[in-house]
Structure formats: C-alpha cells, structure tokens
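See below for upload.cif, which holds mmCIF, C-alpha atoms.
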```cif
data_target
#
loop_
_atom_site.label_atom_id
_atom_site.label_comp_id
_atom_site.auth_asym_id
_atom_site.auth_seq_id
_atom_site.Cartn_x
_atom_site.Cartn_y
_atom_site.Cartn_z
CA MET A 165 123.15 -143.93 -392.38
CA MET A 166 121.65 -140.77 -393.84
CA SER A 167 122.79 -138.72 -390.81
CA PHE A 168 126.35 -140.05 -391.27
CA ASP A 169 126.29 -138.92 -394.93
CA LEU A 170 125.10 -135.45 -393.92
CA VAL A 171 127.92 -135.14 -391.37
CA SER A 172 130.47 -136.25 -393.99
CA ILE A 173 129.18 -133.70 -396.50
CA PHE A 174 129.23 -130.97 -393.84
CA LEU A 175 132.83 -131.76 -392.84
CA PHE A 176 133.95 -131.91 -396.49
CA VAL A 177 132.35 -128.53 -397.30
CA SER A 178 133.91 -127.01 -394.18
CA PHE A 179 137.31 -128.35 -395.22
CA LEU A 180 136.99 -126.86 -398.71
CA PHE A 181 135.92 -123.53 -397.25
CA LEU A 182 138.91 -123.40 -394.88
CA LEU A 183 141.29 -124.53 -397.61
CA LYS A 184 140.05 -121.73 -399.89
CA LYS A 185 140.58 -119.14 -397.16
CA TRP A 186 144.09 -120.47 -396.51
CA MET A 187 144.97 -120.33 -400.22
CA ASN A 188 143.68 -116.74 -400.44
CA SER A 189 145.78 -115.72 -397.45
CA LYS A 190 148.87 -117.31 -399.04
CA ASN A 191 148.37 -115.19 -402.16
CA GLN A 192 148.43 -111.93 -400.18
CA VAL A 193 151.95 -110.60 -399.80
CA LYS A 194 152.53 -109.27 -396.29
CA ARG A 195 155.57 -107.92 -394.52
CA LEU A 196 155.42 -109.77 -391.24
CA PRO A 197 157.88 -110.22 -388.34
CA PRO A 198 159.61 -113.59 -387.98
CA GLY A 199 157.77 -116.39 -386.24
CA PRO A 200 157.52 -120.17 -385.86
CA TRP A 201 156.42 -122.49 -388.64
CA LYS A 202 152.71 -122.70 -389.45
CA LEU A 203 150.31 -125.41 -390.53
CA PRO A 204 147.51 -124.92 -393.08
CA ILE A 205 144.29 -123.71 -391.41
CA ARG A 206 145.58 -124.17 -387.84
CA GLY A 207 148.52 -121.82 -388.23
CA SER A 208 150.80 -121.58 -385.18
CA THR A 209 148.35 -122.99 -382.62
CA LEU A 210 150.41 -126.14 -381.99
CA HIS A 211 153.20 -123.99 -380.57
CA MET A 212 150.83 -122.76 -377.83
CA VAL A 213 150.18 -126.27 -376.51
CA GLY A 214 152.02 -127.71 -373.53
CA GLY A 215 152.52 -124.78 -371.15
CA LEU A 216 151.20 -121.55 -369.73
CA PRO A 217 150.63 -119.01 -372.54
CA HIS A 218 152.95 -116.32 -371.15
CA ARG A 219 155.77 -118.83 -370.67
CA VAL A 220 155.29 -120.34 -374.12
CA LEU A 221 155.42 -116.85 -375.66
CA ARG A 222 158.53 -116.02 -373.64
CA ASP A 223 160.32 -119.13 -374.93
CA LEU A 224 159.27 -118.42 -378.52
CA ALA A 225 160.45 -114.81 -378.21
CA LYS A 226 163.90 -116.00 -377.15
CA LYS A 227 164.12 -117.80 -380.47
CA TYR A 228 162.34 -115.39 -382.85
CA GLY A 229 162.98 -112.01 -381.24
CA PRO A 230 161.02 -109.32 -379.35
CA LEU A 231 158.68 -108.71 -382.32
CA MET A 232 157.16 -112.01 -383.40
CA HIS A 233 154.30 -113.10 -385.66
CA LEU A 234 151.87 -115.92 -384.88
CA GLN A 235 149.01 -117.14 -387.02
CA LEU A 236 146.27 -118.41 -384.72
CA GLY A 237 143.70 -119.91 -387.05
CA GLU A 238 142.31 -116.98 -389.09
CA VAL A 239 143.72 -114.38 -386.70
CA SER A 240 147.10 -112.81 -387.40
CA VAL A 241 148.87 -111.86 -384.15
CA VAL A 242 152.00 -109.81 -383.51
CA VAL A 243 153.58 -110.46 -380.10
CA VAL A 244 155.71 -107.77 -378.46
CA THR A 245 158.06 -108.75 -375.63
CA SER A 246 160.43 -105.80 -375.16
CA PRO A 247 159.80 -102.49 -373.32
CA GLU A 248 161.13 -100.45 -376.24
CA ILE A 249 158.78 -101.96 -378.81
CA ALA A 250 155.91 -101.95 -376.30
CA LYS A 251 156.37 -98.17 -376.00
CA GLU A 252 156.14 -97.88 -379.79
CA VAL A 253 152.88 -99.85 -379.78
CA LEU A 254 151.23 -98.36 -376.69
CA LYS A 255 152.39 -94.76 -376.96
CA THR A 256 153.95 -93.72 -380.27
CA HIS A 257 151.47 -95.60 -382.48
CA ASP A 258 148.72 -96.06 -379.91
CA LEU A 259 145.87 -95.03 -382.24
CA ALA A 260 146.71 -97.86 -384.65
CA PHE A 261 146.38 -100.38 -381.82
CA ALA A 262 143.60 -98.70 -379.81
CA SER A 263 140.78 -101.15 -380.61
CA ARG A 264 140.46 -104.65 -379.20
CA PRO A 265 139.52 -107.63 -381.38
CA LYS A 266 135.82 -108.47 -381.49
CA LEU A 267 134.87 -111.27 -379.11
CA LEU A 268 131.49 -112.94 -378.95
CA ALA A 269 131.44 -112.93 -375.14
CA ALA A 270 132.07 -109.17 -375.02
CA GLU A 271 129.35 -108.48 -377.60
CA ILE A 272 126.77 -110.49 -375.64
CA VAL A 273 127.65 -109.73 -372.02
CA LEU A 274 128.63 -106.08 -372.56
CA TYR A 275 125.66 -105.05 -374.69
CA ASP A 276 127.36 -105.11 -378.07
CA SER A 277 130.66 -103.96 -376.50
CA SER A 278 129.16 -100.65 -375.38
CA ASP A 279 131.53 -100.31 -372.41
CA VAL A 280 134.94 -98.61 -372.57
CA ALA A 281 137.30 -101.60 -372.47
CA PHE A 282 135.88 -103.41 -375.51
CA ALA A 283 134.28 -100.57 -377.49
CA PRO A 284 136.07 -99.89 -380.80
CA TYR A 285 138.13 -96.70 -380.86
CA GLY A 286 136.07 -93.78 -382.13
CA ASP A 287 133.66 -91.03 -381.07
CA TYR A 288 131.60 -93.29 -378.80
CA TRP A 289 134.71 -94.61 -377.03
CA ARG A 290 136.01 -91.06 -376.51
CA GLN A 291 132.67 -89.91 -375.11
CA MET A 292 132.34 -92.77 -372.61
CA ARG A 293 135.99 -92.53 -371.53
CA LYS A 294 135.54 -88.79 -370.93
CA ILE A 295 132.44 -89.48 -368.83
CA CYS A 296 134.31 -92.05 -366.74
CA VAL A 297 137.34 -89.80 -366.17
CA LEU A 298 135.59 -86.47 -365.55
CA GLU A 299 132.34 -87.60 -363.91
CA VAL A 300 132.27 -91.17 -362.64
CA LEU A 301 135.86 -91.26 -361.36
CA SER A 302 136.31 -87.56 -360.63
CA THR A 303 138.50 -86.56 -357.68
CA LYS A 304 135.42 -85.47 -355.76
CA ASN A 305 133.70 -88.84 -356.23
CA VAL A 306 136.79 -90.87 -355.38
CA ARG A 307 137.24 -88.90 -352.16
CA SER A 308 133.58 -89.35 -351.26
CA PHE A 309 134.15 -93.12 -351.17
CA SER A 310 136.96 -92.84 -348.58
CA SER A 311 134.69 -93.97 -345.73
CA ILE A 312 133.85 -97.13 -347.70
CA ARG A 313 137.53 -97.90 -348.27
CA ARG A 314 138.36 -97.24 -344.62
CA ASP A 315 135.51 -99.43 -343.40
CA GLU A 316 136.50 -102.33 -345.66
CA VAL A 317 140.18 -102.03 -344.66
CA PHE A 318 139.24 -102.28 -340.99
CA ARG A 319 137.02 -105.28 -341.73
CA LEU A 320 139.84 -106.98 -343.64
CA VAL A 321 142.38 -106.40 -340.85
CA GLU A 322 139.91 -107.63 -338.26
CA PHE A 323 139.31 -110.78 -340.31
CA PHE A 324 143.03 -111.57 -340.44
CA ARG A 325 143.37 -110.74 -336.74
CA SER A 326 140.55 -113.12 -335.80
CA SER A 327 142.00 -115.82 -338.07
CA SER A 328 145.38 -115.87 -336.31
CA GLY A 329 146.82 -119.38 -336.28
CA LYS A 330 144.38 -120.61 -338.95
CA PRO A 331 145.03 -121.16 -342.68
CA VAL A 332 143.57 -118.33 -344.78
CA ASN A 333 143.06 -118.11 -348.55
CA TYR A 334 144.72 -114.71 -348.93
CA THR A 335 144.01 -114.39 -352.67
CA LYS A 336 140.29 -115.05 -352.21
CA ARG A 337 140.03 -112.68 -349.25
CA ILE A 338 141.77 -109.80 -351.07
CA SER A 339 139.54 -110.34 -354.11
CA LEU A 340 136.44 -110.18 -351.89
CA PHE A 341 137.83 -107.08 -350.16
CA MET A 342 138.10 -105.23 -353.47
CA SER A 343 134.73 -106.55 -354.67
CA PHE A 344 132.99 -105.20 -351.56
CA ILE A 345 134.57 -101.76 -352.08
CA ILE A 346 133.49 -101.59 -355.74
CA CYS A 347 129.96 -102.85 -355.01
CA ARG A 348 129.40 -100.31 -352.23
CA SER A 349 130.89 -97.50 -354.32
CA ALA A 350 128.79 -98.37 -357.37
CA PHE A 351 125.54 -99.38 -355.72
CA GLY A 352 125.65 -97.22 -352.60
CA THR A 353 125.19 -99.95 -350.01
CA VAL A 354 125.24 -103.69 -349.46
CA PHE A 355 122.35 -105.20 -351.42
CA LYS A 356 120.71 -108.59 -351.02
CA GLU A 357 122.10 -110.03 -354.27
CA GLN A 358 125.66 -108.79 -353.69
CA ASP A 359 127.27 -112.21 -353.17
CA GLU A 360 125.55 -113.63 -356.24
CA PHE A 361 126.54 -110.56 -358.27
CA ILE A 362 130.22 -110.87 -357.27
CA GLN A 363 130.30 -114.55 -358.23
CA VAL A 364 128.55 -113.97 -361.57
CA MET A 365 130.92 -111.10 -362.41
CA LYS A 366 133.90 -113.35 -361.68
CA ASN A 367 132.44 -115.91 -364.08
CA VAL A 368 132.01 -113.19 -366.72
CA THR A 369 135.63 -112.10 -366.29
CA ALA A 370 136.82 -115.71 -366.58
CA LEU A 371 134.77 -116.09 -369.78
CA LEU A 372 136.28 -112.94 -371.33
CA GLU A 373 139.81 -113.92 -370.29
CA GLY A 374 139.51 -117.53 -371.41
CA PHE A 375 140.28 -119.10 -374.77
CA ASP A 376 137.59 -120.21 -377.20
CA VAL A 377 138.45 -121.84 -380.51
CA ALA A 378 135.62 -119.92 -382.20
CA ASP A 379 137.44 -116.63 -381.54
CA ILE A 380 140.34 -117.64 -383.78
CA PHE A 381 137.95 -118.69 -386.56
CA PRO A 382 135.56 -115.69 -386.50
CA SER A 383 134.10 -116.44 -389.93
CA LEU A 384 132.82 -119.85 -388.76
CA LYS A 385 129.84 -118.65 -386.74
CA PHE A 386 128.58 -122.18 -386.04
CA LEU A 387 131.62 -122.84 -383.81
CA HIS A 388 130.19 -120.47 -381.18
CA VAL A 389 127.21 -122.80 -380.91
CA VAL A 390 129.20 -126.05 -381.11
CA THR A 391 131.65 -125.01 -378.36
CA GLY A 392 128.84 -123.77 -376.10
CA MET A 393 130.35 -120.27 -375.85
CA ARG A 394 127.16 -118.52 -376.98
CA ALA A 395 125.01 -120.40 -374.46
CA LYS A 396 127.42 -119.65 -371.58
CA ALA A 397 127.64 -115.96 -372.49
CA MET A 398 123.86 -115.61 -372.81
CA ASN A 399 123.30 -117.32 -369.45
CA LEU A 400 125.72 -115.00 -367.63
CA HIS A 401 124.35 -111.99 -369.50
CA HIS A 402 120.80 -112.68 -368.30
CA LYS A 403 121.96 -113.11 -364.70
CA VAL A 404 123.98 -109.88 -364.61
CA ASP A 405 121.26 -107.99 -366.46
CA ALA A 406 118.55 -109.01 -364.00
CA ILE A 407 120.59 -108.06 -360.92
CA VAL A 408 121.81 -104.69 -362.20
CA ASP A 409 118.37 -103.87 -363.63
CA ASN A 410 116.86 -104.20 -360.15
CA VAL A 411 119.55 -101.98 -358.66
CA ILE A 412 119.10 -99.30 -361.35
CA ASN A 413 115.31 -99.31 -360.85
CA GLU A 414 115.78 -98.86 -357.08
CA HIS A 415 118.09 -95.91 -357.76
CA LYS A 416 115.54 -94.36 -360.11
CA GLU A 417 112.86 -94.65 -357.43
CA ASN A 418 115.14 -93.00 -354.86
CA LEU A 419 116.03 -90.18 -357.26
CA ALA A 420 112.34 -89.61 -357.99
CA THR A 421 111.86 -88.81 -354.28
CA GLY A 422 114.93 -86.57 -354.21
CA LYS A 423 117.20 -89.06 -352.44
CA PHE A 424 120.66 -90.30 -353.45
CA SER A 425 121.72 -93.90 -352.84
CA GLY A 426 125.30 -93.16 -351.77
CA GLN A 427 126.78 -94.31 -348.46
CA LEU A 428 126.50 -90.90 -346.79
CA GLY A 429 123.53 -89.59 -348.70
CA GLY A 430 125.59 -88.50 -351.71
CA GLU A 431 125.82 -89.85 -355.25
CA ASP A 432 127.16 -93.32 -355.93
CA LEU A 433 128.39 -94.35 -359.39
CA ILE A 434 124.96 -95.35 -360.66
CA ASP A 435 123.47 -92.05 -359.43
CA VAL A 436 126.12 -90.18 -361.42
CA LEU A 437 125.39 -92.13 -364.61
CA LEU A 438 121.61 -91.73 -364.18
CA ARG A 439 122.04 -87.98 -363.72
CA LEU A 440 124.08 -87.77 -366.93
CA MET A 441 121.48 -89.88 -368.76
CA LYS A 442 118.73 -87.51 -367.61
CA ASP A 443 120.68 -84.33 -368.45
CA GLY A 444 121.44 -85.57 -371.99
CA GLY A 445 123.34 -83.41 -374.45
CA PHE A 446 125.66 -86.18 -375.60
CA GLN A 447 126.39 -87.21 -379.18
CA PHE A 448 125.50 -90.77 -378.15
CA PRO A 449 122.61 -90.76 -375.63
CA ILE A 450 123.29 -92.81 -372.50
CA THR A 451 120.98 -95.79 -371.98
CA ASN A 452 120.44 -98.34 -369.23
CA ASP A 453 122.53 -100.81 -371.24
CA ASN A 454 125.44 -98.34 -371.37
CA ILE A 455 125.24 -97.93 -367.59
CA LYS A 456 125.30 -101.71 -367.06
CA ALA A 457 128.31 -102.08 -369.38
CA ILE A 458 130.21 -99.28 -367.58
CA ILE A 459 129.45 -100.85 -364.19
CA TYR A 460 131.08 -104.06 -365.44
CA ASP A 461 134.19 -102.10 -366.42
CA MET A 462 134.33 -100.46 -362.99
CA PHE A 463 134.00 -103.83 -361.30
CA ALA A 464 136.52 -105.68 -363.48
CA ALA A 465 139.12 -102.90 -363.52
CA GLY A 466 138.73 -102.13 -359.82
CA THR A 467 138.77 -105.70 -358.58
CA GLU A 468 140.90 -107.86 -360.82
CA THR A 469 143.85 -105.51 -361.35
CA THR A 470 144.04 -104.21 -357.78
CA SER A 471 143.63 -107.57 -356.06
CA THR A 472 146.23 -109.14 -358.38
CA THR A 473 148.68 -106.31 -357.63
CA ILE A 474 148.18 -106.70 -353.86
CA ASP A 475 148.54 -110.47 -354.22
CA TRP A 476 151.88 -110.21 -356.03
CA ALA A 477 153.10 -107.51 -353.65
CA MET A 478 152.57 -109.93 -350.76
CA VAL A 479 154.36 -112.70 -352.68
CA GLU A 480 157.36 -110.41 -353.26
CA MET A 481 157.44 -109.41 -349.59
CA ILE A 482 157.43 -113.06 -348.54
CA ARG A 483 160.29 -113.75 -350.95
CA ASN A 484 162.27 -110.80 -349.55
CA ALA A 485 162.55 -111.29 -345.80
CA SER A 486 164.10 -107.87 -345.13
CA VAL A 487 161.24 -106.05 -346.88
CA PHE A 488 158.70 -108.18 -345.02
CA ALA A 489 160.35 -107.42 -341.70
CA LYS A 490 160.36 -103.70 -342.50
CA ALA A 491 156.65 -103.79 -343.28
CA GLN A 492 155.93 -105.58 -340.01
CA ALA A 493 157.95 -102.99 -338.11
CA GLU A 494 155.91 -100.09 -339.44
CA GLU A 495 153.76 -98.89 -336.58
CA GLU A 496 150.97 -97.59 -338.82
CA ILE A 497 150.64 -100.88 -340.67
CA ARG A 498 150.96 -103.13 -337.59
CA ASN A 499 148.32 -101.19 -335.68
CA ILE A 500 146.12 -100.17 -338.60
CA GLY A 501 143.12 -101.95 -337.11
CA MET A 502 143.34 -99.88 -333.92
CA MET A 503 144.00 -96.49 -335.51
CA GLN A 504 141.68 -93.86 -334.07
CA LYS A 505 142.19 -91.32 -336.82
CA ALA A 506 140.56 -91.60 -340.21
CA LEU A 507 142.52 -93.57 -342.79
CA SER A 508 143.11 -91.21 -345.69
CA LEU A 509 144.72 -91.65 -349.09
CA ARG A 510 147.76 -89.85 -347.68
CA ASP A 511 148.03 -92.40 -344.85
CA MET A 512 147.88 -95.28 -347.32
CA SER A 513 150.45 -93.74 -349.65
CA ARG A 514 152.83 -93.21 -346.69
CA ALA A 515 152.43 -96.86 -345.77
CA LEU A 516 153.58 -98.01 -349.21
#
```

For the structure just supplied, provide its representation as structure tokens.
Amino acid sequence: MMSFDLVSIFLFVSFLFLLKKWMNSKNQVKRLPPGPWKLPIRGSTLHMVGGLPHRVLRDLAKKYGPLMHLQLGEVSVVVVTSPEIAKEVLKTHDLAFASRPKLLAAEIVLYDSSDVAFAPYGDYWRQMRKICVLEVLSTKNVRSFSSIRRDEVFRLVEFFRSSSGKPVNYTKRISLFMSFIICRSAFGTVFKEQDEFIQVMKNVTALLEGFDVADIFPSLKFLHVVTGMRAKAMNLHHKVDAIVDNVINEHKENLATGKFSGQLGGEDLIDVLLRLMKDGGFQFPITNDNIKAIIYDMFAAGTETTSTTIDWAMVEMIRNASVFAKAQAEEEIRNIGMMQKALSLRDMSRAL
C-alpha cells in the first residue's frame, strides 16, 4: 500500500513539473512556421504515429508547407522539405544549424560526443574535422588503400559468381563488403574480433538512429533509466571500447618497434591518429578516446552511407530494365572478376 502511495505521489509531482514547463513555454512568444495542432506536454507526437517517419512528414508537409514546425515533447523541431529552403539551412545559414542535438547514446558511446559527427560546432570540431580531411582521409592515404578496395571487390564478385542460382541477401552482403574495407583500412588487417566488432558497430548505429522517448524530454533524466537507453548504451560502449583498445595497444607495440600496421607496411588510419597524438601541437590534445570516437565516424560514414547508396542504385537499375541491360553489357563490369589489370579509381569511375 505504501509503495502504491509513493508511485502516486511521484506521478503527481511529475505531472505538475511537466505542466509548469508547458505553461512557461506558452508564455514565450515565438515566431514559428505553421504546423499541426499540439497537445499539452506531448506536443505533436501523435501525428508521428501510424507510419514511417519520412512518409508521415511528407504528408504533413503537403498540408502545412515546406517549412513546418513540430513540437516533440520538450523539443521544438523545424522540418524542411524543399530544396530551396534546404539550401538556406545547409549552406546560407549553415553555422546556425551546424550543431546536432545532444543525445544520451552519443555522449556515452562516443566519449562525450568527442567525434566529428556529434561534437558541437566550435574550435574542437574544426580541429578534428581538419585532421580527418588533411591527415586521415588525405589523397595519399585514400590511394594507399586501393589494394584493399580491389581485393574486397574481387571477393564480392567471386561470392556472387559462386552463388549463381541461389537466393542472396544483397543488402547484407554489400554492408559486409563495405565493413571489411573500412576495418582493413582502419586497423591494417583482418583481426580476430572483426566480426564481433562489425556487429557491435551496427548495433551502435541502430541505437543512435533509433527513437527514444527520453530524447524528447531531455530535462527528465530518469527516463533514460526507465526506458533502458542508458543501460543499452553503456553495454555497447564497453564492448566497442574493449575491442578498439586492444587494437590501439597492438598498434602502439608495432610503432614502438618501428613497424606500421598497414596492409603493405604503410600507415593505416589508427597509425595516422597515433602519430598525430605523439607529435602534439594541437589546441585540444588527441587522446585514445578521441581516436576511438573518430574510428566510429569512419566506420559509420564509410559503411552505412555507401552501402545504402549501392543498395538503392541496384533497386533503381532493377526498376529500369534498359539501364540494367546496359550495365550487364559493359565488358568491364561483366568481367570485373577476371580483370588482369589493377582496378583503379579511374576504372571504377568509368564503370559508373
């Protein structure tokens, strides 16, 4: 009986707290774009129920226009659905929209958002982006990984060739193809925990992409515990941390003996970051945690976006028979698995 009374008191206090916040927000005069009706506390969340988010937003935009306001709990959201306004947001006024909202999963898994994708816009973000562009993903480094890309392309083609007449999960295979390339480029070679690492990283990406009710009520910290989001994020964080820690320590041991861990004896991505950490001279010193966070960015950006693009390109080719037939007729693509010459970036660009 006493526990029931405590729960009732807790719910009543929570209701008063939310009601006070809603009343305060009503008193603030804001110039906002049009949008659907809102409920107290919940805001516009009911409009997001009953369909895929991008389709729901498309249907709402048809009614309220290309610049639309939604109130998702405590979070005020402006939705842009036209190329012209998107250019204003992403290019003309990009600095005003440069930072992402704070998410608990990103803070835990990405070492207090110390990567590039989730770091708030500022001096640290500029430093790490510059390092990624000029050092980690320099033209020289990207070219040095060409043998890895070529090897994985041949392996992919051989897999499809050997699977002729059998059903194949194309999406899964392309995702694995990109994951293998990123892992070998970042870590230098295939390592014993690679399969586990790929699966854990996919789980991390799903966690960051997914919806959690606590993220739309950021002031109610207890929701992160109630929904289980904190526990899930901490579990994945410990798994990723342990795997990448081992890899970094192996790289440090190799560097101590004067060896690089790259595929052909050169630097891989971790070697580059360790060299920069040793050289120093940065406004924000590079740490092991920074390296781990950047590796996640490399993996997520290099796998998810590329594999999704390839996936949709294949879907469009299947939908357009003439384009599909043209692709099949291309000698370089049809015989790519038997090509004797090295597959270069120029060869791949000509095939597109």

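For the set A:Gly466, A:Pro200, A:Pro284, A:Pro382, the residue with the smallest atom-to-atom gap to Gly237 (chain A) is A:Pro382, counting all atoms listed in the file.
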
task = Please determine the residues with any atom at most 12 Å from (144.7, -106.5, -355.4) (coordinates as given in the file, with all atoms listed in the file counting) and report them as a ChimeraX atom specification.
result = /A:334-343,345,464-479

key: Given the PyMOL selection byres ((chain A and resi 281) around 9), the residues it picks as JSON, numbers by chain   = {"A": [263, 264, 277, 278, 279, 280, 282, 283, 284, 289, 458, 461]}

Please produce, as JSON lines, a per-residue contact table for region 405-444 of chain A versus region 354-363 of chain A (criterion: any atom at most 9 Å away, all atoms listed in the file considered), showing the nearest atom pair and its distance in Å to one decimal, sorted by chain then residue number.
```
{"residue": "A:Ile407", "atom": "CA", "partner": "A:Phe361", "partner_atom": "CA", "distance": 7.0}
{"residue": "A:Val408", "atom": "CA", "partner": "A:Phe361", "partner_atom": "CA", "distance": 8.5}
{"residue": "A:Val411", "atom": "CA", "partner": "A:Phe355", "partner_atom": "CA", "distance": 8.4}
```

Can you pull out the residues contacting Thr451 (chain A)? Cut-off 9 Å, using all atoms listed in the file, and skip same-chain residues under 3 positions away; I want them as a PDB file with C-alpha atoms, in the frame of the given file.
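New file part_0.pdb:
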```
ATOM      1  CA  LEU A 438     121.610 -91.730-364.180  1.00  0.00           C
ATOM      2  CA  MET A 441     121.480 -89.880-368.760  1.00  0.00           C
ATOM      3  CA  ASN A 454     125.440 -98.340-371.370  1.00  0.00           C
ATOM      4  CA  ILE A 455     125.240 -97.930-367.590  1.00  0.00           C
ATOM      5  CA  LYS A 456     125.300-101.710-367.060  1.00  0.00           C
TER       6      LYS A 456
END
```

request  = Considering all atoms listed in the file, return as an MDAnalysis selection string whatever protein or nucleic-acid residues lie within 8 Å of Phe381 (chain A), sequence-local ones (same chain, fewer than 2 positions apart) excluded.
outcome  = chainID A and resid 237:239 377:379 383:384

task = Excluding Ile380 (chain A) and any residue of its chain fewer than 6 positions from it, enumerate the residues within 12 Å of it, using only C-alpha atoms, and give them as a PyMOL selection string.
result = chain A and resi 205-209+234-241+265-268+387-388

message = Selection in question (the file shown): the PyMOL selection byres ((chain A and resi 198) around 10). Which residues does it include, as a PyMOL selection string?
response = chain A and resi 195-197+199-201+225+227-234+242

Distance of CA of Phe324 (chain A) from CA of Asp432 (chain A), expressed in Å to one decimal place = 28.7 Å

key: Shell of 9 Å around Leu221 (chain A), all atoms listed in the file, local chain residues under 2 positions omitted, as a list in words   = His211, Met212, Leu216, Pro217, His218, Arg219, Asp223, Leu224, Ala225, Lys226, Val243 and Thr245 of chain A

note = Between CA of Asp435 (chain A) and CA of Lys403 (chain A) lies a distance of 21.8 Å

inquiry  = For the provided coordinates, the residues matched by the PyMOL selection byres ((chain A and resi 448) around 10) should be stated as a list in words.
reply    = Asp287, Tyr288, Gln291, Met292, Gly444, Gly445, Phe446, Gln447, Pro449, Ile450 and Thr451 of chain A

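We find CA of Arg439 (chain A) and CA of Val306 (chain A) to be spaced 17.2 Å apart.
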
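Proximity to Arg348 (chain A) was assessed for A:Val390, A:Val297, A:Val220, A:Ile459 counting only C-alpha atoms; the smallest distance is recorded for A:Ile459.
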